[in-house]
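Peer 1: For reference, the file model-v8.pdb (PDB, N, CA and C atoms) is included below:
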ATOM      1  N   MET A 104     -12.015  57.030 -21.528
ATOM      2  CA  MET A 104     -12.655  56.180 -20.553
ATOM      3  C   MET A 104     -12.598  56.896 -19.207
ATOM      4  N   THR A 105     -13.728  56.952 -18.556
ATOM      5  CA  THR A 105     -13.808  57.660 -17.277
ATOM      6  C   THR A 105     -13.662  56.669 -16.127
ATOM      7  N   TRP A 106     -13.478  57.225 -14.932
ATOM      8  CA  TRP A 106     -13.352  56.380 -13.748
ATOM      9  C   TRP A 106     -14.630  55.593 -13.505
ATOM     10  N   GLY A 107     -15.744  56.193 -13.768
ATOM     11  CA  GLY A 107     -17.034  55.521 -13.595
ATOM     12  C   GLY A 107     -17.150  54.308 -14.514
ATOM     13  N   ALA A 108     -16.731  54.480 -15.780
ATOM     14  CA  ALA A 108     -16.787  53.363 -16.729
ATOM     15  C   ALA A 108     -15.796  52.267 -16.310
ATOM     16  N   PHE A 109     -14.623  52.670 -15.843
ATOM     17  CA  PHE A 109     -13.614  51.704 -15.423
ATOM     18  C   PHE A 109     -14.116  50.880 -14.226
ATOM     19  N   ILE A 110     -14.702  51.553 -13.227
ATOM     20  CA  ILE A 110     -15.236  50.866 -12.050
ATOM     21  C   ILE A 110     -16.413  49.978 -12.449
ATOM     22  N   GLY A 111     -17.260  50.463 -13.349
ATOM     23  CA  GLY A 111     -18.394  49.667 -13.832
ATOM     24  C   GLY A 111     -17.917  48.410 -14.547
ATOM     25  N   PHE A 112     -16.875  48.537 -15.377
ATOM     26  CA  PHE A 112     -16.326  47.383 -16.088
ATOM     27  C   PHE A 112     -15.710  46.369 -15.106
ATOM     28  N   ALA A 113     -15.028  46.893 -14.059
ATOM     29  CA  ALA A 113     -14.433  46.009 -13.054
ATOM     30  C   ALA A 113     -15.530  45.255 -12.300
ATOM     31  N   LEU A 114     -16.621  45.948 -11.948
ATOM     32  CA  LEU A 114     -17.744  45.287 -11.275
ATOM     33  C   LEU A 114     -18.392  44.238 -12.183
ATOM     34  N   PHE A 115     -18.513  44.572 -13.468
ATOM     35  CA  PHE A 115     -19.059  43.620 -14.426
ATOM     36  C   PHE A 115     -18.204  42.347 -14.472
ATOM     37  N   LEU A 116     -16.869  42.502 -14.495
ATOM     38  CA  LEU A 116     -15.979  41.342 -14.515
ATOM     39  C   LEU A 116     -16.111  40.520 -13.233
ATOM     40  N   VAL A 117     -16.186  41.185 -12.079
ATOM     41  CA  VAL A 117     -16.337  40.484 -10.814
ATOM     42  C   VAL A 117     -17.651  39.701 -10.795
ATOM     43  N   LEU A 118     -18.731  40.337 -11.230
ATOM     44  CA  LEU A 118     -20.026  39.656 -11.268
ATOM     45  C   LEU A 118     -20.022  38.498 -12.257
ATOM     46  N   LEU A 119     -19.332  38.647 -13.372
ATOM     47  CA  LEU A 119     -19.228  37.580 -14.360
ATOM     48  C   LEU A 119     -18.477  36.371 -13.778
ATOM     49  N   ILE A 120     -17.380  36.637 -13.085
ATOM     50  CA  ILE A 120     -16.604  35.553 -12.474
ATOM     51  C   ILE A 120     -17.403  34.887 -11.353
ATOM     52  N   LYS A 121     -18.072  35.692 -10.521
ATOM     53  CA  LYS A 121     -18.892  35.141  -9.435
ATOM     54  C   LYS A 121     -20.034  34.290 -10.006
ATOM     55  N   GLY A 122     -20.656  34.756 -11.070
ATOM     56  CA  GLY A 122     -21.736  33.994 -11.710
ATOM     57  C   GLY A 122     -21.222  32.670 -12.256
ATOM     58  N   TRP A 123     -20.078  32.723 -12.902
ATOM     59  CA  TRP A 123     -19.475  31.489 -13.434
ATOM     60  C   TRP A 123     -19.170  30.504 -12.294
ATOM     61  N   ASP A 124     -18.646  31.019 -11.203
ATOM     62  CA  ASP A 124     -18.334  30.186 -10.043
ATOM     63  C   ASP A 124     -19.609  29.590  -9.455
ATOM     64  N   TRP A 125     -20.697  30.365  -9.397
ATOM     65  CA  TRP A 125     -21.968  29.887  -8.863
ATOM     66  C   TRP A 125     -22.524  28.764  -9.733
ATOM     67  N   ILE A 126     -22.469  28.947 -11.068
ATOM     68  CA  ILE A 126     -22.955  27.912 -11.992
ATOM     69  C   ILE A 126     -22.118  26.637 -11.852
ATOM     70  N   ALA A 127     -20.807  26.781 -11.772
ATOM     71  CA  ALA A 127     -19.926  25.620 -11.610
ATOM     72  C   ALA A 127     -20.224  24.914 -10.291
ATOM     73  N   GLY A 128     -20.490  25.660  -9.237
ATOM     74  CA  GLY A 128     -20.835  25.067  -7.942
ATOM     75  C   GLY A 128     -22.130  24.274  -8.011
ATOM     76  N   LYS A 129     -23.124  24.793  -8.714
ATOM     77  CA  LYS A 129     -24.403  24.088  -8.862
ATOM     78  C   LYS A 129     -24.206  22.784  -9.635
ATOM     79  N   LEU A 130     -23.417  22.835 -10.694
ATOM     80  CA  LEU A 130     -23.167  21.617 -11.473
ATOM     81  C   LEU A 130     -22.393  20.591 -10.650
ATOM     82  N   LYS A 131     -21.445  21.067  -9.868
ATOM     83  CA  LYS A 131     -20.648  20.169  -9.022
ATOM     84  C   LYS A 131     -21.536  19.509  -7.963
ATOM     85  N   ALA A 132     -22.463  20.277  -7.398
ATOM     86  CA  ALA A 132     -23.371  19.722  -6.392
ATOM     87  C   ALA A 132     -24.258  18.648  -7.011
ATOM     88  N   ARG A 133     -24.671  18.854  -8.239
ATOM     89  CA  ARG A 133     -25.499  17.865  -8.928
ATOM     90  C   ARG A 133     -24.692  16.585  -9.185
ATOM     91  N   GLU A 134     -23.414  16.745  -9.580
ATOM     92  CA  GLU A 134     -22.550  15.576  -9.795
ATOM     93  C   GLU A 134     -22.322  14.829  -8.487
ATOM     94  N   THR A 135     -22.102  15.569  -7.399
ATOM     95  CA  THR A 135     -21.872  14.946  -6.092
ATOM     96  C   THR A 135     -23.105  14.176  -5.649
ATOM     97  N   ALA A 136     -24.277  14.733  -5.887
ATOM     98  CA  ALA A 136     -25.511  14.052  -5.513
ATOM     99  C   ALA A 136     -25.684  12.772  -6.325
ATOM    100  N   ALA A 137     -25.264  12.769  -7.583
ATOM    101  CA  ALA A 137     -25.383  11.574  -8.416
ATOM    102  C   ALA A 137     -24.357  10.521  -8.021
ATOM    103  N   VAL A 138     -23.184  10.938  -7.576
ATOM    104  CA  VAL A 138     -22.114  10.007  -7.239
ATOM    105  C   VAL A 138     -22.299   9.448  -5.829
ATOM    106  N   SER A 139     -22.991  10.134  -4.970
ATOM    107  CA  SER A 139     -23.138   9.729  -3.584
ATOM    108  C   SER A 139     -23.669   8.302  -3.411
ATOM    109  N   PRO A 140     -24.716   7.870  -4.114
ATOM    110  CA  PRO A 140     -25.158   6.471  -3.967
ATOM    111  C   PRO A 140     -24.082   5.474  -4.404
ATOM    112  N   LEU A 141     -23.311   5.825  -5.427
ATOM    113  CA  LEU A 141     -22.233   4.935  -5.863
ATOM    114  C   LEU A 141     -21.165   4.814  -4.788
ATOM    115  N   THR A 142     -20.886   5.910  -4.116
ATOM    116  CA  THR A 142     -19.895   5.889  -3.043
ATOM    117  C   THR A 142     -20.368   5.003  -1.894
ATOM    118  N   ILE A 143     -21.640   5.104  -1.570
ATOM    119  CA  ILE A 143     -22.202   4.269  -0.504
ATOM    120  C   ILE A 143     -22.149   2.801  -0.898
ATOM    121  N   ASP A 144     -22.502   2.495  -2.156
ATOM    122  CA  ASP A 144     -22.445   1.104  -2.625
ATOM    123  C   ASP A 144     -21.013   0.577  -2.595
ATOM    124  N   MET A 145     -20.047   1.401  -2.982
ATOM    125  CA  MET A 145     -18.644   0.984  -2.983
ATOM    126  C   MET A 145     -18.182   0.692  -1.557
ATOM    127  N   ALA A 146     -18.584   1.501  -0.608
ATOM    128  CA  ALA A 146     -18.215   1.260   0.789
ATOM    129  C   ALA A 146     -18.826  -0.048   1.283
ATOM    130  N   ALA A 147     -20.054  -0.325   0.893
ATOM    131  CA  ALA A 147     -20.705  -1.577   1.299
ATOM    132  C   ALA A 147     -19.975  -2.778   0.706
ATOM    133  N   VAL A 148     -19.550  -2.668  -0.552
ATOM    134  CA  VAL A 148     -18.806  -3.762  -1.186
ATOM    135  C   VAL A 148     -17.471  -3.972  -0.483
ATOM    136  N   LYS A 149     -16.792  -2.886  -0.116
ATOM    137  CA  LYS A 149     -15.520  -3.018   0.595
ATOM    138  C   LYS A 149     -15.717  -3.721   1.938
ATOM    139  N   ILE A 150     -16.796  -3.412   2.637
ATOM    140  CA  ILE A 150     -17.076  -4.063   3.918
ATOM    141  C   ILE A 150     -17.340  -5.556   3.700
ATOM    142  N   GLN A 151     -18.086  -5.892   2.647
ATOM    143  CA  GLN A 151     -18.355  -7.300   2.353
ATOM    144  C   GLN A 151     -17.069  -8.048   2.013
ATOM    145  N   VAL A 152     -16.197  -7.424   1.229
ATOM    146  CA  VAL A 152     -14.933  -8.065   0.876
ATOM    147  C   VAL A 152     -14.081  -8.283   2.118
ATOM    148  N   ALA A 153     -14.046  -7.306   2.996
ATOM    149  CA  ALA A 153     -13.271  -7.447   4.231
ATOM    150  C   ALA A 153     -13.827  -8.569   5.097
ATOM    151  N   SER A 154     -15.141  -8.658   5.208
ATOM    152  CA  SER A 154     -15.727  -9.727   6.026
ATOM    153  C   SER A 154     -15.481 -11.090   5.399
ATOM    154  N   GLN A 155     -15.496 -11.181   4.071
ATOM    155  CA  GLN A 155     -15.197 -12.453   3.416
ATOM    156  C   GLN A 155     -13.733 -12.825   3.588
ATOM    157  N   ALA A 156     -12.853 -11.838   3.576
ATOM    158  CA  ALA A 156     -11.431 -12.108   3.822
ATOM    159  C   ALA A 156     -11.232 -12.625   5.237
ATOM    160  N   ASP A 157     -11.927 -12.038   6.197
ATOM    161  CA  ASP A 157     -11.855 -12.532   7.583
ATOM    162  C   ASP A 157     -12.376 -13.963   7.680
ATOM    163  N   ALA A 158     -13.481 -14.247   6.992
ATOM    164  CA  ALA A 158     -14.045 -15.600   7.017
ATOM    165  C   ALA A 158     -13.072 -16.593   6.380
ATOM    166  N   LEU A 159     -12.419 -16.182   5.293
ATOM    167  CA  LEU A 159     -11.441 -17.064   4.647
ATOM    168  C   LEU A 159     -10.258 -17.338   5.561
ATOM    169  N   ASN A 160      -9.769 -16.318   6.239
ATOM    170  CA  ASN A 160      -8.664 -16.520   7.175
ATOM    171  C   ASN A 160      -9.074 -17.449   8.316
ATOM    172  N   ALA A 161     -10.282 -17.296   8.826
ATOM    173  CA  ALA A 161     -10.768 -18.179   9.891
ATOM    174  C   ALA A 161     -10.862 -19.615   9.383
ATOM    175  N   PHE A 162     -11.300 -19.777   8.139
ATOM    176  CA  PHE A 162     -11.377 -21.114   7.544
ATOM    177  C   PHE A 162      -9.987 -21.727   7.406
ATOM    178  N   LYS A 163      -9.017 -20.935   6.965
ATOM    179  CA  LYS A 163      -7.645 -21.435   6.832
ATOM    180  C   LYS A 163      -7.098 -21.887   8.181
ATOM    181  N   VAL A 164      -7.357 -21.106   9.221
ATOM    182  CA  VAL A 164      -6.886 -21.470  10.553
ATOM    183  C   VAL A 164      -7.545 -22.764  11.009
ATOM    184  N   GLU A 165      -8.833 -22.889  10.753
ATOM    185  CA  GLU A 165      -9.553 -24.106  11.149
ATOM    186  C   GLU A 165      -9.020 -25.323  10.407
ATOM    187  N   VAL A 166      -8.757 -25.176   9.112
ATOM    188  CA  VAL A 166      -8.197 -26.288   8.334
ATOM    189  C   VAL A 166      -6.819 -26.639   8.864
ATOM    190  N   ALA A 167      -6.023 -25.634   9.159
ATOM    191  CA  ALA A 167      -4.681 -25.893   9.677
ATOM    192  C   ALA A 167      -4.753 -26.623  11.016
ATOM    193  N   ARG A 168      -5.659 -26.232  11.868
ATOM    194  CA  ARG A 168      -5.793 -26.891  13.169
ATOM    195  C   ARG A 168      -6.267 -28.338  13.010
ATOM    196  N   THR A 169      -7.135 -28.549  12.045
ATOM    197  CA  THR A 169      -7.733 -29.865  11.885
ATOM    198  C   THR A 169      -6.800 -30.846  11.174
ATOM    199  N   TYR A 170      -6.114 -30.394  10.122
ATOM    200  CA  TYR A 170      -5.422 -31.330   9.248
ATOM    201  C   TYR A 170      -3.903 -31.320   9.338
ATOM    202  N   VAL A 171      -3.316 -30.317   9.954
ATOM    203  CA  VAL A 171      -1.862 -30.278  10.043
ATOM    204  C   VAL A 171      -1.424 -31.191  11.178
ATOM    205  N   THR A 172      -0.555 -32.129  10.848
ATOM    206  CA  THR A 172      -0.091 -33.092  11.847
ATOM    207  C   THR A 172       1.257 -32.658  12.390
ATOM    208  N   GLY A 173       1.702 -33.360  13.418
ATOM    209  CA  GLY A 173       3.003 -33.066  14.007
ATOM    210  C   GLY A 173       4.132 -33.294  13.028
ATOM    211  N   ASP A 174       3.972 -34.268  12.118
ATOM    212  CA  ASP A 174       5.003 -34.550  11.124
ATOM    213  C   ASP A 174       5.214 -33.348  10.198
ATOM    214  N   VAL A 175       4.115 -32.749   9.776
ATOM    215  CA  VAL A 175       4.207 -31.578   8.897
ATOM    216  C   VAL A 175       4.892 -30.432   9.624
ATOM    217  N   ILE A 176       4.541 -30.223  10.865
ATOM    218  CA  ILE A 176       5.148 -29.148  11.649
ATOM    219  C   ILE A 176       6.641 -29.408  11.824
ATOM    220  N   THR A 177       7.020 -30.657  12.069
ATOM    221  CA  THR A 177       8.437 -30.996  12.225
ATOM    222  C   THR A 177       9.203 -30.732  10.933
ATOM    223  N   ARG A 178       8.616 -31.117   9.791
ATOM    224  CA  ARG A 178       9.284 -30.861   8.507
ATOM    225  C   ARG A 178       9.436 -29.369   8.250
ATOM    226  N   LEU A 179       8.399 -28.591   8.563
ATOM    227  CA  LEU A 179       8.491 -27.144   8.383
ATOM    228  C   LEU A 179       9.567 -26.545   9.286
ATOM    229  N   GLU A 180       9.615 -26.993  10.535
ATOM    230  CA  GLU A 180      10.647 -26.487  11.446
ATOM    231  C   GLU A 180      12.037 -26.836  10.932
ATOM    232  N   ARG A 181      12.215 -28.049  10.404
ATOM    233  CA  ARG A 181      13.507 -28.463   9.869
ATOM    234  C   ARG A 181      13.899 -27.581   8.674
ATOM    235  N   ARG A 182      12.930 -27.299   7.799
ATOM    236  CA  ARG A 182      13.213 -26.424   6.649
ATOM    237  C   ARG A 182      13.616 -25.027   7.117
ATOM    238  N   ILE A 183      12.901 -24.515   8.086
ATOM    239  CA  ILE A 183      13.213 -23.174   8.603
ATOM    240  C   ILE A 183      14.611 -23.166   9.220
ATOM    241  N   ASP A 184      14.935 -24.204  10.014
ATOM    242  CA  ASP A 184      16.273 -24.284  10.613
ATOM    243  C   ASP A 184      17.349 -24.375   9.547
ATOM    244  N   ASP A 185      17.099 -25.149   8.490
ATOM    245  CA  ASP A 185      18.072 -25.260   7.395
ATOM    246  C   ASP A 185      18.268 -23.918   6.700
ATOM    247  N   MET A 186      17.176 -23.184   6.484
ATOM    248  CA  MET A 186      17.292 -21.875   5.836
ATOM    249  C   MET A 186      18.077 -20.908   6.717
ATOM    250  N   VAL A 187      17.804 -20.923   8.007
ATOM    251  CA  VAL A 187      18.499 -20.014   8.930
ATOM    252  C   VAL A 187      19.989 -20.340   8.965
ATOM    253  N   SER A 188      20.331 -21.615   9.045
ATOM    254  CA  SER A 188      21.757 -21.971   9.083
ATOM    255  C   SER A 188      22.434 -21.648   7.759
ATOM    256  N   SER A 189      21.743 -21.814   6.642
ATOM    257  CA  SER A 189      22.306 -21.467   5.338
ATOM    258  C   SER A 189      22.586 -19.969   5.248
ATOM    259  N   VAL A 190      21.650 -19.159   5.708
ATOM    260  CA  VAL A 190      21.839 -17.701   5.684
ATOM    261  C   VAL A 190      23.001 -17.312   6.595
ATOM    262  N   ARG A 191      23.098 -17.941   7.764
ATOM    263  CA  ARG A 191      24.208 -17.643   8.676
ATOM    264  C   ARG A 191      25.544 -17.987   8.043
ATOM    265  N   GLU A 192      25.627 -19.144   7.378
ATOM    266  CA  GLU A 192      26.868 -19.542   6.729
ATOM    267  C   GLU A 192      27.253 -18.552   5.627
ATOM    268  N   GLU A 193      26.268 -18.133   4.830
ATOM    269  CA  GLU A 193      26.539 -17.166   3.769
ATOM    270  C   GLU A 193      26.999 -15.836   4.357
ATOM    271  N   MET A 194      26.373 -15.408   5.451
ATOM    272  CA  MET A 194      26.766 -14.150   6.085
ATOM    273  C   MET A 194      28.188 -14.242   6.637
ATOM    274  N   GLN A 195      28.549 -15.385   7.236
ATOM    275  CA  GLN A 195      29.908 -15.550   7.757
ATOM    276  C   GLN A 195      30.915 -15.532   6.612
ATOM    277  N   GLU A 196      30.588 -16.204   5.522
ATOM    278  CA  GLU A 196      31.487 -16.228   4.370
ATOM    279  C   GLU A 196      31.654 -14.828   3.778
ATOM    280  N   THR A 197      30.555 -14.106   3.655
ATOM    281  CA  THR A 197      30.619 -12.740   3.121
ATOM    282  C   THR A 197      31.424 -11.844   4.051
ATOM    283  N   ARG A 198      31.234 -11.985   5.357
ATOM    284  CA  ARG A 198      31.989 -11.184   6.330
ATOM    285  C   ARG A 198      33.474 -11.484   6.215
ATOM    286  N   ARG A 199      33.814 -12.762   6.104
ATOM    287  CA  ARG A 199      35.209 -13.157   5.979
ATOM    288  C   ARG A 199      35.829 -12.566   4.711
ATOM    289  N   GLU A 200      35.114 -12.647   3.588
ATOM    290  CA  GLU A 200      35.623 -12.109   2.327
ATOM    291  C   GLU A 200      35.793 -10.597   2.397
ATOM    292  N   MET A 201      34.836  -9.912   3.045
ATOM    293  CA  MET A 201      34.939  -8.452   3.166
ATOM    294  C   MET A 201      36.131  -8.068   4.035
ATOM    295  N   LEU A 202      36.343  -8.774   5.152
ATOM    296  CA  LEU A 202      37.488  -8.478   6.012
ATOM    297  C   LEU A 202      38.799  -8.729   5.271
ATOM    298  N   ASP A 203      38.854  -9.821   4.504
ATOM    299  CA  ASP A 203      40.066 -10.096   3.726
ATOM    300  C   ASP A 203      40.316  -8.990   2.712
ATOM    301  N   ALA A 204      39.254  -8.507   2.062
ATOM    302  CA  ALA A 204      39.416  -7.459   1.062
ATOM    303  C   ALA A 204      39.804  -6.137   1.703
ATOM    304  N   ILE A 205      39.219  -5.814   2.844
ATOM    305  CA  ILE A 205      39.509  -4.534   3.500
ATOM    306  C   ILE A 205      40.910  -4.529   4.093
ATOM    307  N   LEU A 206      41.291  -5.619   4.723
ATOM    308  CA  LEU A 206      42.586  -5.674   5.393
ATOM    309  C   LEU A 206      43.723  -6.070   4.449
ATOM    310  N   GLY A 207      43.405  -6.415   3.220
ATOM    311  CA  GLY A 207      44.442  -6.752   2.244
ATOM    312  C   GLY A 207      45.057  -8.108   2.450
ATOM    313  N   ARG A 208      44.364  -8.983   3.155
ATOM    314  CA  ARG A 208      44.877 -10.329   3.367
ATOM    315  C   ARG A 208      44.519 -11.202   2.162
ATOM    316  N   PRO A 209      45.302 -12.250   1.946
ATOM    317  CA  PRO A 209      44.912 -13.197   0.892
ATOM    318  C   PRO A 209      43.634 -13.913   1.317
ATOM    319  N   PRO A 210      42.776 -14.230   0.348
ATOM    320  CA  PRO A 210      41.512 -14.878   0.720
ATOM    321  C   PRO A 210      41.742 -16.172   1.479
ATOM    322  N   SER A 211      41.013 -16.326   2.572
ATOM    323  CA  SER A 211      41.157 -17.523   3.397
ATOM    324  C   SER A 211      40.245 -18.622   2.849
ATOM    325  N   ARG A 212      40.728 -19.821   2.900
ATOM    326  CA  ARG A 212      39.955 -20.981   2.419
ATOM    327  C   ARG A 212      39.467 -21.780   3.626
ATOM    328  N   ARG A 213      38.207 -21.774   3.846
ATOM    329  CA  ARG A 213      37.645 -22.551   4.962
ATOM    330  C   ARG A 213      36.557 -23.419   4.456
TER     331      ARG A 213
END
What do you get writing this file as structure tokens?

Peer 2:
Amino acid sequence: MTWGAFIGFALFLVLLIKGWDWIAGKLKARETAAVSPLTIDMAAVKIQVASQADALNAFKVEVARTYVTGDVITRLERRIDDMVSSVREEMQETRREMLDAILGRPPSRR
């Protein structure tokens, strides 16, 4: 095998790879062109869903303003206060138990 044949074979391989890449690029461009309308339609659907979600949230706010009475708000506030005080009590109890365990004291009964 001569240097000329070796260089010719290397050029043939380069041209073969470049040709394959060119064909793959053309096929990819055709796929992209076919998918492009679907992408546009999907974006339009996402915009419609977002606008409907906004409309639903506005409707919920309007219903809440119209139908929620002071009694309901008072009950909700009472529930929230009860939950907060319950969590505080549990945290104090857990803190007390951890301090007793760390310091080696007998568990305190409160």

Peer 1: Just to confirm, what's the straight-line distance from atom N of Lys149 in chain A to CA of Arg168 in chain A in Å (one decimal)?

Peer 2: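 These two atoms are separated by 29.6 Å.
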
Peer 1: Just give me the gap between CA of Pro140 in chain A and CA of Ala127 in chain A in Å, one decimal is fine.

Peer 2: 21.3 Å

Peer 1: Between CA of Arg133 in chain A and atom N of Met145 in chain A, what distance in Å does the model show, to one decimal?

Peer 2: 18.3 Å

Peer 1: As lines of an AutoDock Vina configuration file, please: the centre and edge lengths in Å, to one decimal, of an axis-aligned box enclosing every listed atom of range 191-200 of chain A with 3 Å added on each side.

Peer 2:
center_x = 29.5
center_y = -15.1
center_z = 5.5
size_x = 18.7
size_y = 14.9
size_z = 12.3
